[in-house]
Amino acid sequence: MGRDSGGNNRRRRWIRRTAIALPLLLLLPLLTVLAALRINYTGDPADGTHTRNRDALWLGHAWVDGRKRDADVSALARRLQGTGIRDLYVHSGPLEHDGTLPESVYPRARWFIDAVHEKLPGIRVQAFLGDVLATESDDGMRLENPETRASVLRSARRILDTGYEGIHLDLEPLHSGDGNYLTLLDALRRETRSRDAQLSVAAHQIDPLPAFHTLWGGVTGHPKWWTQEFFGQVARRVDQIAMMSYDTMQPLESTYGGYVAQQTSLALEVTPPSTDLLMGLPFFHENRFGHWNHAETVPAAVRGVRLGLSRTDADRANFGVALYIDFAATEADWRAYKEDWVR
C-alpha cells in the first residue's frame, strides 16, 4: 500500500513538473526572439538619417471616384507642405480577377492628377492597383495564366493614358519565388520605361529567420514573408519597392521597432542603389491578430527605420518611408512623421 502511494506521488510530481516545464520550453524561443528584437531597438541613429524627399503616401479610392473636391486637394496640399513626400499612390482599382480594369472605377482620375499638378508641383501621382491572388483560396487572380498577365498589362496601358505618372502594384498574398509575378513585372517595366513612368510595388516582409516563410506556411497555410533573395529579385525589376512593414504580430513598441530595424537592414542589403526603397509606416489603427495598435506606432517605426538605415547604408540616397493610409491617419501620426523623420 505504501509503495503504491509513493509511486502515485512520484507520478503526480512528474505531471506537475511537466505541466510547468513544457510551457516554459515552448515560450523560451519566443522570449529569445523578443529579447533580440528589443536589443535591436537600442542605440542611437546616425546623424542625417532623415528624409531624402523620396517619401510616399497611399491614398484611398475617394480621390478618384467622385467623393473629393478642390477643397480637399487644397487641404492635402497644406498637409504635405514641408514634408518629404514625392509620390502619391492613389487607389484606382481594384483590378478584376481576370486582370481587366473598368474605366468606371476611376472616373475622376484626370481631375485629381491635374489638381495635384496645380497645387502640389513636383509631386507624382501613381495608380495604386491591387487584387487578391488565388494563392491561398480558389477565388482571386491567377498569375500563372498568361492571358491574365496580358490583361494586367493592357489595364496598365489604359490607366497610364489617363495621365498617371506610374503604376503601383499591390497583389496579395504573393508567395515567395513566384516566377509569374517576376514575368509580369518585366512586361510592366518595359511599358513604364517607354513612357518615362514609374513602376512601383508594395512588397511583403523578408524572412526574419532563414526559411521562416516555409515553416510558417506549413503551420498556417499563409507563408506571409519573402526570402531576401526574392525581395532582391523584385527590387531589381522596379523603380520603387515599398515594404509593408506593419502587421508584424509584435506585442511591444520596442520589439516592433527592433523588427523594423531588422527589416530595413535586410531590404537595404538586396535593393539596388538605383531603386527607391521605401519602408511602410502604420498610419492606421487596428487591434486584431497580427496588429496591436499600442505596439505598431509611427514613432517606433521611424526609429526602427533610422536604426536600420544607420547600421546598413546611412548615406543611401534612394530611400524613404511610405505612409499607409491617408484616411485613417491621426494628427499624432502626422506629427511623429514630421518631427522624427522630416525634421
# chains A, B, ... in the order shown; residues from 1 in each chain; ligands from 1
call {"tool": "residues_around", "arguments": {"residues": "stretch 134-140 of chain A", "least_positions_apart": "2", "cutoff": "6 Å", "atoms": "only C-alpha atoms", "output": "VMD selection string"}}
result
chain A and resid 97 132 142
call {"tool": "closest_atom_pairs", "arguments": {"of": "stretch 43-121 of chain A", "to": "stretch 289-310 of chain A", "cutoff": "7 Å", "atoms": "only C-alpha atoms", "output": "tab-separated table"}}
result
residue	atom	partner	partner_atom	distance
A:Pro45	CA	A:Leu307	CA	4.9
A:Ala46	CA	A:Ser310	CA	5.2
A:Thr49	CA	A:Arg306	CA	5.8
call {"tool": "closest_residue", "arguments": {"among": "A:Pro282, A:Gly43, A:Gly99, A:Pro272", "to": "A:Glu147", "atoms": "only C-alpha atoms"}}
result
A:Gly99
call {"tool": "residues_around", "arguments": {"residues": "stretch 325-331 of chain A", "least_positions_apart": "6", "cutoff": "7 Å", "atoms": "only C-alpha atoms", "output": "list in words"}}
result
Leu57, Trp58, Leu59, Gly60, Phe283 and Phe284 of chain A
call {"tool": "atom_distance", "arguments": {"atom1": "atom CA of A:Tyr89", "atom2": "atom CA of A:His50"}}
result
21.3 Å
call {"tool": "closest_atom_pairs", "arguments": {"of": "stretch 250-297 of chain A", "to": "stretch 210-234 of chain A", "cutoff": "9 Å", "atoms": "only C-alpha atoms", "output": "JSON lines"}}
result
{"residue": "A:Leu266", "atom": "CA", "partner": "A:Gln228", "partner_atom": "CA", "distance": 6.9}
{"residue": "A:Ala267", "atom": "CA", "partner": "A:Gln228", "partner_atom": "CA", "distance": 7.3}
{"residue": "A:Glu269", "atom": "CA", "partner": "A:Gly232", "partner_atom": "CA", "distance": 8.4}
{"residue": "A:Val270", "atom": "CA", "partner": "A:Gly232", "partner_atom": "CA", "distance": 4.8}
{"residue": "A:Thr271", "atom": "CA", "partner": "A:Gly232", "partner_atom": "CA", "distance": 5.5}
{"residue": "A:Pro272", "atom": "CA", "partner": "A:Gly232", "partner_atom": "CA", "distance": 7.8}
call {"tool": "write_last_selection", "arguments": {"atoms": "N, CA and C atoms", "output": "PDB file, in the first residue's frame"}}
result
ATOM      1  N   LEU A 266      17.742  44.219 -43.829  1.00  0.00           N
ATOM      2  CA  LEU A 266      17.629  43.113 -44.781  1.00  0.00           C
ATOM      3  C   LEU A 266      17.259  43.622 -46.173  1.00  0.00           C
ATOM      4  N   ALA A 267      16.347  44.588 -46.229  1.00  0.00           N
ATOM      5  CA  ALA A 267      15.929  45.127 -47.524  1.00  0.00           C
ATOM      6  C   ALA A 267      17.038  45.938 -48.180  1.00  0.00           C
ATOM      7  N   GLU A 269      20.175  45.511 -47.963  1.00  0.00           N
ATOM      8  CA  GLU A 269      21.252  44.638 -48.433  1.00  0.00           C
ATOM      9  C   GLU A 269      21.023  44.113 -49.853  1.00  0.00           C
ATOM     10  N   VAL A 270      19.764  44.031 -50.292  1.00  0.00           N
ATOM     11  CA  VAL A 270      19.489  43.420 -51.592  1.00  0.00           C
ATOM     12  C   VAL A 270      18.779  44.352 -52.568  1.00  0.00           C
ATOM     13  N   THR A 271      18.517  45.585 -52.171  1.00  0.00           N
ATOM     14  CA  THR A 271      17.872  46.539 -53.074  1.00  0.00           C
ATOM     15  C   THR A 271      18.940  47.340 -53.807  1.00  0.00           C
ATOM     16  N   PRO A 272      18.933  47.331 -55.131  1.00  0.00           N
ATOM     17  CA  PRO A 272      19.960  48.073 -55.874  1.00  0.00           C
ATOM     18  C   PRO A 272      19.938  49.560 -55.519  1.00  0.00           C
TER      19      PRO A 272
END
call {"tool": "residues_around", "arguments": {"residues": "A:Gln198", "least_positions_apart": "5", "cutoff": "9 Å", "atoms": "only C-alpha atoms", "output": "number ranges by chain"}}
result
A: 126, 165-168, 189, 192-193, 238-240
call {"tool": "select_by_dssp", "arguments": {"residues": "stretch 154-317 of chain A", "states": "helix (DSSP H, G or I)", "output": "VMD selection string"}}
result
chain A and resid 154 to 161 179 to 194 212 to 220 228 to 235 253 to 270 298 to 312
call {"tool": "atom_distance", "arguments": {"atom1": "atom CA of A:Arg69", "atom2": "atom CA of A:Val105"}}
result
17.0 Å
call {"tool": "closest_residue", "arguments": {"among": "A:Gly48, A:Gly93, A:Gly163, A:Gly179", "to": "A:Glu144", "atoms": "only C-alpha atoms"}}
result
A:Gly179
call {"tool": "closest_residue", "arguments": {"among": "A:Asp114, A:Glu96, A:Asp207, A:Asp340", "to": "A:Gly130", "atoms": "only C-alpha atoms"}}
result
A:Glu96
call {"tool": "residues_around", "arguments": {"residues": "A:Gly320", "least_positions_apart": "6", "cutoff": "9 Å", "atoms": "only C-alpha atoms", "output": "list in words"}}
result
His50, Thr51, Arg52, Asn53, Arg54, Asp55, Ala56, Gly84, Ile85, Ala242, Asp276, Leu277, Leu278, Met279 and Gly280 of chain A
call {"tool": "write_last_selection", "arguments": {"atoms": "C-alpha atoms", "output": "short mmCIF file (atom, residue, chain, number, x, y, z; two decimals), in the first residue's frame"}}
result
data_model
loop_
_atom_site.label_atom_id
_atom_site.label_comp_id
_atom_site.auth_asym_id
_atom_site.auth_seq_id
_atom_site.Cartn_x
_atom_site.Cartn_y
_atom_site.Cartn_z
CA HIS A 50 16.14 61.69 -42.12
CA THR A 51 14.01 62.21 -45.19
CA ARG A 52 15.66 62.23 -48.60
CA ASN A 53 12.47 63.77 -50.03
CA ARG A 54 11.54 60.46 -51.63
CA ASP A 55 8.67 59.51 -49.32
CA ALA A 56 5.24 58.35 -50.47
CA GLY A 84 9.41 64.69 -47.79
CA ILE A 85 6.56 63.21 -49.82
CA ALA A 242 7.64 49.80 -50.67
CA ASP A 276 13.96 53.59 -54.27
CA LEU A 277 13.44 51.53 -51.12
CA LEU A 278 10.51 52.76 -49.02
CA MET A 279 9.66 51.38 -45.57
CA GLY A 280 5.97 51.45 -44.67
#
call {"tool": "atom_distance", "arguments": {"atom1": "atom CA of A:Ala115", "atom2": "atom CA of A:Ser155"}}
result
23.2 Å
call {"tool": "closest_residue", "arguments": {"among": "A:Phe128, A:Phe319, A:Tyr181, A:Tyr256", "to": "A:Leu169", "atoms": "only C-alpha atoms"}}
result
A:Phe128
call {"tool": "residues_around", "arguments": {"residues": "A:Asp170", "least_positions_apart": "4", "cutoff": "8 Å", "atoms": "only C-alpha atoms", "output": "ChimeraX atom specification"}}
result
/A:128-131,201-203
call {"tool": "select_by_dssp", "arguments": {"residues": "stretch 228-341 of chain A", "states": "strand (DSSP E or B)", "output": "JSON, numbers by chain"}}
result
{"A": [240, 241, 242, 243, 276, 277, 278, 279, 280, 281, 282, 288, 291, 319, 320, 321, 322, 323, 324]}
call {"tool": "write_last_selection", "arguments": {"atoms": "all heavy atoms", "output": "short mmCIF file (atom, residue, chain, number, x, y, z; two decimals), in the first residue's frame"}}
result
data_model
loop_
_atom_site.label_atom_id
_atom_site.label_comp_id
_atom_site.auth_asym_id
_atom_site.auth_seq_id
_atom_site.Cartn_x
_atom_site.Cartn_y
_atom_site.Cartn_z
N GLN A 240 10.60 51.55 -57.67
CA GLN A 240 10.36 51.75 -56.24
C GLN A 240 9.80 50.46 -55.66
O GLN A 240 8.95 49.81 -56.27
CB GLN A 240 9.34 52.86 -56.00
CG GLN A 240 9.76 54.23 -56.48
CD GLN A 240 8.63 55.24 -56.29
OE1 GLN A 240 7.46 54.92 -56.47
NE2 GLN A 240 8.98 56.46 -55.92
N ILE A 241 10.27 50.12 -54.46
CA ILE A 241 9.72 48.97 -53.74
C ILE A 241 9.39 49.43 -52.33
O ILE A 241 10.25 49.93 -51.61
CB ILE A 241 10.67 47.75 -53.76
CG1 ILE A 241 10.02 46.55 -53.10
CG2 ILE A 241 12.03 48.08 -53.16
CD1 ILE A 241 10.74 45.23 -53.36
N ALA A 242 8.12 49.32 -51.97
CA ALA A 242 7.64 49.80 -50.67
C ALA A 242 7.27 48.60 -49.81
O ALA A 242 6.28 47.91 -50.07
CB ALA A 242 6.44 50.71 -50.85
N MET A 243 8.08 48.33 -48.80
CA MET A 243 7.79 47.20 -47.92
C MET A 243 6.63 47.54 -46.99
O MET A 243 6.62 48.59 -46.36
CB MET A 243 9.01 46.81 -47.08
CG MET A 243 8.72 45.62 -46.16
SD MET A 243 10.00 45.29 -44.96
CE MET A 243 11.23 44.50 -45.97
N ASP A 276 14.42 52.97 -55.51
CA ASP A 276 13.96 53.59 -54.27
C ASP A 276 13.41 52.52 -53.35
O ASP A 276 12.47 51.80 -53.71
CB ASP A 276 12.85 54.61 -54.55
CG ASP A 276 13.36 55.89 -55.18
OD1 ASP A 276 14.58 56.13 -55.14
OD2 ASP A 276 12.53 56.66 -55.71
N LEU A 277 13.97 52.42 -52.15
CA LEU A 277 13.44 51.53 -51.12
C LEU A 277 12.66 52.38 -50.12
O LEU A 277 13.19 53.32 -49.54
CB LEU A 277 14.57 50.80 -50.39
CG LEU A 277 14.16 50.01 -49.15
CD1 LEU A 277 13.18 48.89 -49.50
CD2 LEU A 277 15.40 49.45 -48.44
N LEU A 278 11.37 52.05 -49.95
CA LEU A 278 10.51 52.76 -49.02
C LEU A 278 10.03 51.79 -47.94
O LEU A 278 9.57 50.69 -48.24
CB LEU A 278 9.30 53.36 -49.74
CG LEU A 278 9.59 54.23 -50.96
CD1 LEU A 278 8.29 54.72 -51.59
CD2 LEU A 278 10.45 55.42 -50.58
N MET A 279 10.14 52.21 -46.68
CA MET A 279 9.66 51.38 -45.57
C MET A 279 8.31 51.92 -45.11
O MET A 279 8.16 53.11 -44.84
CB MET A 279 10.67 51.40 -44.42
CG MET A 279 12.05 50.88 -44.79
SD MET A 279 12.06 49.15 -45.38
CE MET A 279 11.51 48.29 -43.90
N GLY A 280 7.33 51.03 -45.01
CA GLY A 280 5.97 51.45 -44.67
C GLY A 280 5.83 51.90 -43.22
O GLY A 280 6.40 51.28 -42.32
N LEU A 281 5.06 52.97 -43.01
CA LEU A 281 4.72 53.44 -41.68
C LEU A 281 3.23 53.19 -41.43
O LEU A 281 2.41 53.46 -42.31
CB LEU A 281 5.02 54.93 -41.52
CG LEU A 281 6.45 55.42 -41.75
CD1 LEU A 281 6.56 56.90 -41.40
CD2 LEU A 281 7.45 54.61 -40.95
N PRO A 282 2.87 52.72 -40.24
CA PRO A 282 1.46 52.39 -39.96
C PRO A 282 0.64 53.63 -39.62
O PRO A 282 0.49 53.98 -38.45
CB PRO A 282 1.56 51.42 -38.78
CG PRO A 282 2.79 51.87 -38.05
CD PRO A 282 3.75 52.34 -39.11
N ARG A 288 -6.15 43.58 -33.77
CA ARG A 288 -6.55 42.27 -34.27
C ARG A 288 -5.32 41.37 -34.25
O ARG A 288 -4.22 41.84 -33.95
CB ARG A 288 -7.11 42.38 -35.69
CG ARG A 288 -6.19 43.12 -36.66
CD ARG A 288 -6.72 43.16 -38.06
NE ARG A 288 -5.99 44.10 -38.89
CZ ARG A 288 -4.78 43.91 -39.39
NH1 ARG A 288 -4.14 42.78 -39.13
NH2 ARG A 288 -4.20 44.82 -40.14
N HIS A 291 -1.73 42.60 -35.48
CA HIS A 291 -1.51 44.05 -35.40
C HIS A 291 -2.05 44.59 -34.08
O HIS A 291 -3.26 44.60 -33.86
CB HIS A 291 -2.19 44.77 -36.57
CG HIS A 291 -1.91 46.24 -36.61
ND1 HIS A 291 -1.00 46.80 -37.48
CD2 HIS A 291 -2.41 47.28 -35.89
CE1 HIS A 291 -0.97 48.11 -37.29
NE2 HIS A 291 -1.82 48.42 -36.33
N PHE A 319 16.05 56.33 -50.78
CA PHE A 319 15.46 55.72 -49.60
C PHE A 319 14.39 56.64 -49.04
O PHE A 319 14.51 57.87 -49.12
CB PHE A 319 16.53 55.45 -48.54
CG PHE A 319 16.02 54.71 -47.34
CD1 PHE A 319 15.98 53.33 -47.32
CD2 PHE A 319 15.57 55.40 -46.22
CE1 PHE A 319 15.50 52.64 -46.21
CE2 PHE A 319 15.09 54.72 -45.10
CZ PHE A 319 15.06 53.34 -45.10
N GLY A 320 13.35 56.05 -48.48
CA GLY A 320 12.31 56.87 -47.87
C GLY A 320 11.35 56.02 -47.06
O GLY A 320 11.60 54.84 -46.78
N VAL A 321 10.25 56.63 -46.68
CA VAL A 321 9.18 55.93 -45.97
C VAL A 321 7.89 56.12 -46.75
O VAL A 321 7.73 57.09 -47.50
CB VAL A 321 9.02 56.42 -44.52
CG1 VAL A 321 10.28 56.13 -43.71
CG2 VAL A 321 8.68 57.91 -44.47
N ALA A 322 6.97 55.18 -46.58
CA ALA A 322 5.66 55.25 -47.24
C ALA A 322 4.59 55.17 -46.16
O ALA A 322 4.62 54.27 -45.31
CB ALA A 322 5.51 54.12 -48.26
N LEU A 323 3.64 56.08 -46.21
CA LEU A 323 2.64 56.25 -45.16
C LEU A 323 1.33 55.56 -45.56
O LEU A 323 0.74 55.93 -46.57
CB LEU A 323 2.38 57.74 -44.91
CG LEU A 323 3.46 58.60 -44.26
CD1 LEU A 323 4.85 58.42 -44.86
CD2 LEU A 323 3.07 60.07 -44.33
N TYR A 324 0.88 54.60 -44.76
CA TYR A 324 -0.35 53.87 -45.07
C TYR A 324 -1.36 54.07 -43.93
O TYR A 324 -1.13 53.62 -42.84
CB TYR A 324 -0.07 52.38 -45.25
CG TYR A 324 -1.30 51.62 -45.68
CD1 TYR A 324 -1.64 51.52 -47.03
CD2 TYR A 324 -2.15 51.02 -44.75
CE1 TYR A 324 -2.77 50.83 -47.44
CE2 TYR A 324 -3.29 50.35 -45.16
CZ TYR A 324 -3.59 50.26 -46.49
OH TYR A 324 -4.73 49.60 -46.88
#
